[in-house]
>>> print(open('run.txt').read())   # compact mmCIF, C-alpha atoms
# COMPACT_ATOMS: atom_id res chain seq x y z
CA MET A 17 7.65 4.00 22.25
CA ILE A 18 8.84 7.17 20.47
CA ARG A 19 11.16 8.00 23.37
CA VAL A 20 12.73 4.52 23.27
CA ALA A 21 13.11 4.74 19.49
CA ALA A 22 14.79 8.13 19.87
CA LEU A 23 17.30 6.67 22.34
CA PHE A 24 18.09 3.79 20.00
CA GLY A 25 18.38 6.28 17.15
CA LEU A 26 20.91 8.38 19.04
CA ALA A 27 22.93 5.27 19.88
CA GLY A 28 22.83 4.19 16.25
CA LEU A 29 23.87 7.63 15.06
CA ALA A 30 26.80 7.57 17.47
CA LEU A 31 27.84 4.15 16.17
CA ALA A 32 27.59 5.25 12.52
CA THR A 33 29.59 8.39 13.23
CA GLY A 34 32.20 6.37 15.12
CA LEU A 35 32.62 4.00 12.16
CA LEU A 36 33.10 6.92 9.77
CA VAL A 37 35.68 8.55 12.02
CA TRP A 38 37.47 5.25 12.65
CA GLN A 39 37.85 4.52 8.93
CA GLY A 40 38.76 8.11 8.07
CA PHE A 41 35.94 10.55 7.47
CA GLY A 42 37.79 12.33 4.67
CA ALA A 43 38.57 9.10 2.80
CA VAL A 44 34.95 7.91 3.03
CA LEU A 45 33.59 11.25 1.81
CA ALA A 46 36.10 11.29 -1.06
CA ALA A 47 34.99 7.80 -2.14
CA PHE A 48 31.34 8.87 -1.84
CA ALA A 49 31.87 12.09 -3.83
CA ALA A 50 33.61 10.11 -6.59
CA ALA A 51 30.21 8.62 -7.52
CA GLY A 52 29.04 12.08 -8.59
CA PHE A 53 25.58 12.20 -10.16
CA GLY A 54 25.55 8.41 -10.03
CA ILE A 55 24.31 8.81 -6.45
CA VAL A 56 21.01 10.09 -7.86
CA TRP A 57 20.77 7.44 -10.60
CA ALA A 58 21.40 4.59 -8.16
CA SER A 59 18.80 6.09 -5.80
CA LEU A 60 16.16 6.41 -8.52
CA PHE A 61 16.57 2.73 -9.36
CA HIS A 62 14.70 2.00 -6.11
CA ILE A 63 11.49 2.97 -7.90
CA VAL A 64 11.68 -0.37 -9.78
CA PRO A 65 11.41 -2.68 -6.71
CA MET A 66 8.80 -0.31 -5.24
CA ALA A 67 6.70 -0.73 -8.40
CA LEU A 68 7.03 -4.51 -8.14
CA ASN A 69 5.93 -4.41 -4.49
CA ALA A 70 3.02 -2.19 -5.49
CA ARG A 71 1.91 -4.81 -8.01
CA ALA A 72 2.30 -7.52 -5.34
CA TRP A 73 -0.08 -5.68 -3.00
CA GLN A 74 -2.49 -4.86 -5.83
CA VAL A 75 -3.00 -8.50 -6.91
CA LEU A 76 -4.26 -9.38 -3.41
CA MET A 77 -7.30 -7.16 -3.86
CA PRO A 78 -10.35 -8.55 -5.73
CA LEU A 79 -10.26 -7.29 -9.32
CA ARG A 80 -13.45 -5.25 -9.12
CA LEU A 81 -12.30 -3.48 -5.94
CA ARG A 82 -8.62 -2.79 -6.63
CA PRO A 83 -7.26 0.70 -7.40
CA ASP A 84 -4.72 1.12 -10.20
CA THR A 85 -1.03 0.25 -9.89
CA LEU A 86 0.00 3.92 -9.69
CA PHE A 87 -2.09 4.34 -6.54
CA PHE A 88 -0.43 1.33 -4.93
CA LEU A 89 2.99 2.69 -5.94
CA ARG A 90 2.19 5.90 -4.04
CA ALA A 91 1.03 3.83 -1.04
CA VAL A 92 4.21 1.72 -1.04
CA TRP A 93 6.30 4.88 -1.46
CA LEU A 94 4.63 6.44 1.60
CA ARG A 95 4.88 3.22 3.62
CA GLU A 96 8.61 2.83 3.01
CA ALA A 97 9.26 6.53 3.65
CA VAL A 98 7.48 6.56 7.02
CA ASN A 99 9.06 3.28 8.14
CA GLY A 100 12.51 4.26 6.87
CA LEU A 101 12.78 7.81 8.19
CA LEU A 102 10.48 8.16 11.20
CA PRO A 103 10.86 6.59 14.68
CA VAL A 104 7.84 4.30 14.30
CA ALA A 105 9.46 0.84 14.62
CA ARG A 106 8.44 -0.04 11.03
CA ILE A 107 4.73 0.07 11.85
CA GLY A 108 3.64 3.66 11.21
CA GLY A 109 4.07 3.26 7.46
CA GLU A 110 1.52 0.45 7.41
CA ILE A 111 -1.04 2.59 9.23
CA ALA A 112 -0.44 5.55 6.89
CA SER A 113 -0.74 3.43 3.73
CA ALA A 114 -3.86 1.65 5.03
CA ARG A 115 -5.51 5.01 5.66
CA LEU A 116 -4.58 6.04 2.13
CA LEU A 117 -6.32 2.96 0.75
CA ILE A 118 -9.41 3.57 2.90
CA GLU A 119 -9.60 7.21 1.81
CA ARG A 120 -9.45 5.94 -1.78
CA GLY A 121 -12.74 4.14 -1.14
CA SER A 122 -11.77 0.62 -0.02
CA ARG A 123 -13.71 -0.93 2.84
CA PRO A 124 -11.61 -0.64 6.03
CA PRO A 125 -11.52 -4.39 6.89
CA LEU A 126 -10.48 -5.29 3.32
CA ALA A 127 -7.88 -2.51 3.15
CA VAL A 128 -6.23 -3.50 6.43
CA ALA A 129 -6.54 -7.23 5.70
CA SER A 130 -4.80 -6.81 2.35
CA LEU A 131 -2.00 -4.95 4.11
CA VAL A 132 -1.69 -7.61 6.83
CA VAL A 133 -1.48 -10.40 4.26
CA ASP A 134 0.93 -8.38 2.11
CA MET A 135 3.19 -7.84 5.14
CA THR A 136 3.10 -11.53 6.05
CA LEU A 137 4.01 -12.59 2.53
CA ALA A 138 6.73 -9.94 2.50
CA LEU A 139 8.27 -11.58 5.57
CA ALA A 140 8.04 -15.02 3.95
CA SER A 141 9.56 -13.82 0.67
CA GLN A 142 12.28 -11.96 2.56
CA PHE A 143 13.10 -15.17 4.42
CA CYS A 144 13.61 -16.96 1.09
CA PHE A 145 15.68 -14.03 -0.18
CA ALA A 146 17.79 -14.15 2.99
CA MET A 147 18.42 -17.87 2.44
CA LEU A 148 19.63 -17.01 -1.07
CA GLY A 149 21.93 -14.38 0.44
CA LEU A 150 23.23 -16.89 2.97
CA ALA A 151 24.06 -19.35 0.17
CA LEU A 152 25.89 -16.60 -1.71
CA LEU A 153 27.76 -15.68 1.48
CA ALA A 154 29.09 -19.24 1.61
CA ARG A 155 30.07 -18.91 -2.05
CA VAL A 156 32.30 -15.88 -1.38
CA GLY A 157 33.88 -17.60 1.61
CA GLY A 158 32.14 -15.69 4.39
CA GLY A 159 33.35 -16.48 7.88
CA SER A 160 31.72 -19.58 9.35
CA THR A 161 30.83 -17.67 12.52
CA LEU A 162 28.95 -15.02 10.55
CA GLN A 163 27.13 -17.70 8.53
CA GLN A 164 26.16 -19.55 11.70
CA GLN A 165 24.86 -16.40 13.38
CA ILE A 166 22.74 -15.39 10.38
CA GLY A 167 21.56 -18.98 9.88
CA LEU A 168 20.52 -19.30 13.53
CA GLY A 169 18.70 -15.96 13.30
CA LEU A 170 16.78 -17.17 10.25
CA LEU A 171 15.92 -20.47 11.94
CA ALA A 172 14.65 -18.55 14.97
CA ALA A 173 12.41 -16.54 12.65
CA LEU A 174 10.68 -19.65 11.26
CA PRO A 175 8.41 -20.27 14.29
CA ILE A 176 7.47 -16.58 14.28
CA LEU A 177 6.47 -16.76 10.61
CA ALA A 178 4.50 -19.95 11.22
CA ALA A 179 2.73 -18.43 14.23
CA LEU A 180 1.87 -15.29 12.26
CA ALA A 181 0.39 -17.36 9.44
CA LEU A 182 -1.66 -19.46 11.90
CA VAL A 183 -2.95 -16.37 13.68
CA GLN A 184 -4.27 -15.00 10.39
CA ARG A 185 -5.44 -18.30 8.92
CA PHE A 186 -7.57 -19.35 11.89
CA GLY A 187 -8.83 -15.96 12.97
CA PHE A 188 -7.09 -15.17 16.23
CA PHE A 189 -7.14 -11.41 15.79
CA ALA A 190 -9.69 -11.16 18.59
CA LEU A 191 -7.10 -12.66 20.95
CA LEU A 192 -4.53 -10.12 19.82
CA ALA A 193 -6.86 -7.13 19.94
CA THR A 194 -5.86 -6.25 23.51
CA ILE A 195 -2.16 -6.17 22.57
CA VAL A 196 -2.79 -4.16 19.43
CA ARG A 197 -5.01 -1.73 21.29
CA GLY A 198 -2.24 -1.25 23.85
CA VAL A 199 0.12 -0.19 21.06
CA PHE A 200 -2.25 1.84 18.89
CA GLY A 201 -4.97 2.82 21.36
CA ASP A 202 -8.40 3.36 19.82
CA ARG A 203 -6.89 3.86 16.35
CA PHE A 204 -7.13 0.10 15.65
CA GLN A 205 -10.84 0.01 16.48
CA GLY A 206 -11.48 3.16 14.45
CA LEU A 207 -9.51 1.87 11.50
CA VAL A 208 -11.10 -1.58 10.99
CA GLY A 209 -14.17 -1.58 13.22
CA GLY A 210 -12.89 -4.40 15.42
CA ALA A 211 -11.05 -7.71 15.15
CA ALA A 212 -13.94 -9.88 13.84
CA PRO A 213 -14.38 -8.07 10.49
CA LEU A 214 -10.61 -8.16 10.01
CA ASP A 215 -10.56 -11.91 10.72
CA ARG A 216 -13.20 -12.52 8.07
CA ALA A 217 -11.48 -10.31 5.48
CA VAL A 218 -8.10 -11.99 6.05
CA ARG A 219 -9.57 -15.48 5.70
CA ARG A 220 -11.28 -14.48 2.44
CA LEU A 221 -7.99 -13.21 1.05
CA TYR A 222 -6.15 -16.42 1.98
CA ARG A 223 -8.78 -18.43 0.10
CA ARG A 224 -7.64 -16.68 -3.12
CA ARG A 225 -4.62 -18.94 -3.51
CA ARG A 226 -3.58 -17.81 -6.97
CA ALA A 227 -3.49 -14.22 -5.73
CA ILE A 228 -1.43 -15.29 -2.68
CA LEU A 229 1.11 -17.08 -4.89
CA ALA A 230 1.25 -14.15 -7.32
CA CYS A 231 1.83 -11.68 -4.48
CA PHE A 232 4.64 -13.84 -3.08
CA ALA A 233 6.25 -14.15 -6.52
CA TRP A 234 6.12 -10.41 -7.23
CA GLN A 235 7.63 -9.69 -3.81
CA PHE A 236 10.48 -12.17 -4.24
CA VAL A 237 11.29 -10.69 -7.65
CA ALA A 238 11.25 -7.22 -6.04
CA TRP A 239 13.81 -8.33 -3.41
CA VAL A 240 16.13 -9.74 -6.09
CA VAL A 241 15.73 -6.76 -8.44
CA GLY A 242 16.46 -4.43 -5.51
CA ALA A 243 20.04 -5.71 -5.58
CA GLY A 244 20.42 -3.75 -8.81
CA GLU A 245 20.66 -0.64 -6.66
CA ILE A 246 23.77 -2.07 -4.95
CA ALA A 247 25.27 -3.12 -8.30
CA LEU A 248 24.71 0.35 -9.77
CA ALA A 249 26.12 2.08 -6.69
CA LEU A 250 29.28 -0.05 -6.85
CA GLU A 251 29.68 0.80 -10.55
CA PHE A 252 29.47 4.52 -9.82
CA LEU A 253 31.88 4.14 -6.89
CA GLY A 254 34.41 2.62 -9.27
CA ALA A 255 34.35 -0.76 -7.51
CA PRO A 256 32.16 -2.99 -9.72
CA ARG A 257 31.28 -6.44 -8.44
CA SER A 258 29.20 -9.34 -9.78
CA LEU A 259 25.43 -9.38 -9.55
CA ALA A 260 25.71 -12.34 -7.15
CA ASP A 261 27.80 -10.18 -4.79
CA ALA A 262 25.20 -7.41 -5.01
CA VAL A 263 22.38 -9.87 -4.22
CA MET A 264 24.31 -11.23 -1.23
CA ILE A 265 24.88 -7.76 0.21
CA GLU A 266 21.28 -6.64 -0.39
CA ALA A 267 19.79 -9.80 1.13
CA LEU A 268 21.86 -9.70 4.31
CA ILE A 269 21.63 -5.93 4.76
CA GLN A 270 17.84 -6.29 4.61
CA VAL A 271 18.03 -9.01 7.28
CA LEU A 272 20.11 -6.75 9.54
CA SER A 273 17.82 -3.76 8.97
CA SER A 274 14.72 -5.82 9.76
CA ALA A 275 16.32 -7.28 12.89
CA ALA A 276 17.16 -3.74 14.04
CA PHE A 277 13.57 -2.52 13.58
CA VAL A 278 13.65 -0.66 16.91
CA VAL A 279 16.49 1.55 15.64
CA PRO A 280 15.20 4.33 13.38
CA ALA A 281 16.50 3.76 9.83
CA ALA A 282 18.78 1.01 11.28
CA LEU A 283 21.33 3.73 12.04
CA GLY A 284 24.76 2.29 12.77
CA VAL A 285 23.60 -1.30 12.21
CA GLN A 286 23.36 -0.79 8.46
CA GLU A 287 26.76 0.91 8.28
CA GLY A 288 28.37 -1.90 10.25
CA GLY A 289 26.75 -4.45 7.97
CA PHE A 290 28.08 -2.78 4.84
CA LEU A 291 31.55 -2.63 6.37
CA VAL A 292 31.61 -6.37 7.21
CA LEU A 293 29.92 -7.63 4.05
CA GLY A 294 31.86 -5.27 1.82
CA GLY A 295 35.10 -6.61 3.24
CA LEU A 296 34.06 -10.15 2.28
CA ILE A 297 33.91 -9.20 -1.42
CA GLY A 298 37.13 -7.20 -1.34
CA LEU A 299 35.83 -3.66 -0.83
CA THR A 300 38.10 -1.33 1.09
CA PRO A 301 36.55 0.11 4.27
CA ASP A 302 36.19 3.61 2.76
CA VAL A 303 34.33 2.25 -0.30
CA ALA A 304 32.14 -0.02 1.87
CA LEU A 305 31.11 2.94 4.02
CA ALA A 306 30.65 5.11 0.92
CA LEU A 307 28.24 2.42 -0.29
CA ALA A 308 26.38 2.75 3.03
CA LEU A 309 26.23 6.52 2.51
CA MET A 310 24.73 5.95 -0.94
CA ARG A 311 21.95 3.94 0.72
CA ARG A 312 21.38 6.90 3.07
CA ALA A 313 21.38 9.25 0.07
CA ARG A 314 18.71 7.01 -1.47
CA ASP A 315 16.53 7.61 1.57
CA VAL A 316 16.86 11.38 1.11
CA VAL A 317 16.32 11.36 -2.66
CA ILE A 318 13.36 8.95 -2.66
CA PHE A 319 11.72 9.14 0.76
CA VAL A 320 11.93 12.80 1.84
CA PRO A 321 9.69 13.88 -1.09
CA ALA A 322 7.17 11.21 -0.04
CA LEU A 323 6.98 12.63 3.49
CA ALA A 324 6.66 16.16 2.09
CA TRP A 325 3.81 15.07 -0.20
CA TRP A 326 2.10 13.28 2.69
CA GLN A 327 2.27 16.32 4.97
CA LEU A 328 1.01 18.62 2.21
CA SER A 329 -1.91 16.24 1.59
CA LEU A 330 -2.76 16.19 5.31
CA GLY A 331 -2.54 19.98 5.43
CA ARG A 332 -4.92 20.41 2.48
CA ARG A 333 -7.36 17.98 4.09
CA LEU A 334 -7.35 19.97 7.34
CA LEU A 335 -7.88 23.23 5.44
CA ARG A 336 -10.86 21.75 3.58
CA ARG A 337 -12.44 20.52 6.79
CA PRO A 338 -15.42 22.78 7.63
CA GLY A 339 -15.09 24.82 10.80
CA PRO A 340 -17.84 25.50 13.35
CA ASP A 341 -20.83 27.47 12.09
CA PRO A 342 -20.71 30.91 13.77
CA SER A 343 -24.47 31.29 13.32
CA ALA A 344 -25.21 28.10 15.24
CA PRO A 345 -26.56 28.59 18.77
CA ALA A 346 -24.01 28.00 21.52
CA ALA A 347 -24.35 24.80 23.49
CA ARG A 348 -25.56 25.23 27.03
>>> encode(input="run.txt", output="C-alpha cells")
Amino acid sequence: MIRVAALFGLAGLALATGLLVWQGFGAVLAAFAAAGFGIVWASLFHIVPMALNARAWQVLMPLRLRPDTLFFLRAVWLREAVNGLLPVARIGGEIASARLLIERGSRPPLAVASLVVDMTLALASQFCFAMLGLALLARVGGGSTLQQQIGLGLLAALPILAALALVQRFGFFALLATIVRGVFGDRFQGLVGGAAPLDRAVRRLYRRRRAILACFAWQFVAWVVGAGEIALALEFLGAPRSLADAVMIEALIQVLSSAAFVVPAALGVQEGGFLVLGGLIGLTPDVALALALMRRARDVVIFVPALAWWQLSLGRRLLRRPGPDPSAPAAR
C-alpha cells in the first residue's frame, strides 16, 4: 500500500511541477510572495473549521464519557495532519486519533465507533457541501462538461454512502472484518477487540438521534466556514472574490482531493483543480497556482507541527516504558 501511494505521490509531484513550469514558475512564485505574511494568517484560519469538526466529534460521545473540546481539537489536528501529509490513503489519521482517544481513557469500541460514525457523517455533510459548490459552479457559468462530470461523480457516491450507512446501522462489521484485517492486520482486533463490540457501540450511537443531527450540522458549518481560508488567501494575493466564489472553490477542491485519496496530499490533482476553478472566476493562471501554493503552505504551517508533536509524544512514551529487569532470571 505504501509503495503504491509513493508511486502515485511521485506522479502527482511531477504533474504539479509540470503545471508550475508550464504557467511560468517565476510568475507563480512572484504572485505567491506578494501575499507576504498573509500566507501565515490565511493558514492559521484553518484552526476555526478544525475546532468546529472537533465539536462535531465531541457531541457524538455520551456526555459523561466525553473529553473536553480541546482534546478533540488535538485529535482532529493529528488526524488531518497524518491524512494530509503521510502516504496512508486518508486512513492512518483515523487510527492515530482513535488511539489518542483510547489512551485518554475511552473504551476502545466506543472510541472507534464514534470515529466511524463521525467519518460517515463527514462524508454525508461533504456531499451536501459539494452539491452547494456544484450549484455555485452553475452560477458562475462553469462549463457544462465540468458540471456533468462532477454531478455524475456525486451521483455515483450516493450508493456508496447508503451502503456505508446500512453496514453500520444493521451491524455488518463482522462481514467486513476479513477485509479490514487484510488492510490493517491484527491492529484492528487489538484496537477494538473484534467486530461485535464495534457493531454494538455503533448502533448505540446511531440511536442518539439528536447527537447525530448535531454532529452533521457542526460538520456542515465547518465545511462552509473553511471557505474563509480561500477568501482570505485571495485577499492577500490581491485578487479578492466573493464569498460565494470562495465556497465554490473550497467545495469542489475538497471533492477532487477526496476522489484522489490514493495520491498523497492530492499532489497535482489539487493544483490542477485550482487552475481550472480559478479560471472560471477570472483568476489568472499564476494567481490560481499561487492560491494552490498557499494551500500547500497551510499544510506546512498547521500540519507539520502536529506530526512533530505526535512523534515527540510517541518518543516520550517509549522512553517511559520499563525495560527488562536485569536481576530477573534468564528464561531457559
>>> residues_around(input="run.txt", residues="Ser59 of chain A", least_positions_apart="3", cutoff="8 Å", atoms="all atoms listed in the file", output="list in words")
Ile55, Val56, His62, Glu245, Met310, Arg311, Ala313, Arg314, Asp315, Val317 and Ile318 of chain A
>>> closest_residue(input="run.txt", among="A:Ile246, A:Ala217, A:Val285, A:Leu299", to="Pro78 of chain A", atoms="all atoms listed in the file")
A:Ala217
>>> closest_atom_pairs(input="run.txt", of="segment 253-301 of chain A", to="segment 45-48 of chain A", cutoff="12 Å", atoms="only C-alpha atoms", output="tab-separated table")
residue	atom	partner	partner_atom	distance
A:Leu253	CA	A:Ala47	CA	6.8
A:Gly254	CA	A:Ala47	CA	8.8
A:Ala255	CA	A:Ala47	CA	10.1
A:Leu299	CA	A:Ala47	CA	11.6
A:Thr300	CA	A:Ala47	CA	10.2
A:Pro301	CA	A:Ala47	CA	10.1
>>> residues_near_point(input="run.txt", point="(-6.4, -7.2, 0.5)", cutoff="6 Å", atoms="only C-alpha atoms", output="list of chain:residue names")
A:Leu76, A:Met77, A:Leu126, A:Ala127, A:Ala129, A:Ser130
>>> closest_residue(input="run.txt", among="A:Ala154, A:Leu131, A:Ala260, A:Ala70", to="Ile118 of chain A", atoms="only C-alpha atoms")
A:Leu131
>>> atom_distance(input="run.txt", atom1="atom CA of Ala276 of chain A", atom2="atom CA of Arg257 of chain A")
26.7 Å
>>> atom_distance(input="run.txt", atom1="atom CA of Val240 of chain A", atom2="atom CA of Arg155 of chain A")
17.2 Å
>>> atom_distance(input="run.txt", atom1="atom CA of Leu117 of chain A", atom2="atom CA of Arg71 of chain A")
14.3 Å
>>> residues_around(input="run.txt", residues="Gln286 of chain A", least_positions_apart="6", cutoff="10 Å", atoms="only C-alpha atoms", output="ChimeraX atom specification")
/A:28,32,268-273,276,305,308-309,311-312
>>> residues_around(input="run.txt", residues="segment 83-96 of chain A", least_positions_apart="4", cutoff="7 Å", atoms="only C-alpha atoms", output="PyMOL selection string")
chain A and resi 66-67+70-71+74+100+109-110+112-113+116+322-323
>>> closest_residue(input="run.txt", among="A:Ala233, A:Ala212, A:Leu101, A:Leu81", to="Pro321 of chain A", atoms="all atoms listed in the file")
A:Leu101
>>> closest_residue(input="run.txt", among="A:Leu221, A:Val303, A:Ala267, A:Val279", to="Ala243 of chain A", atoms="all atoms listed in the file")
A:Ala267
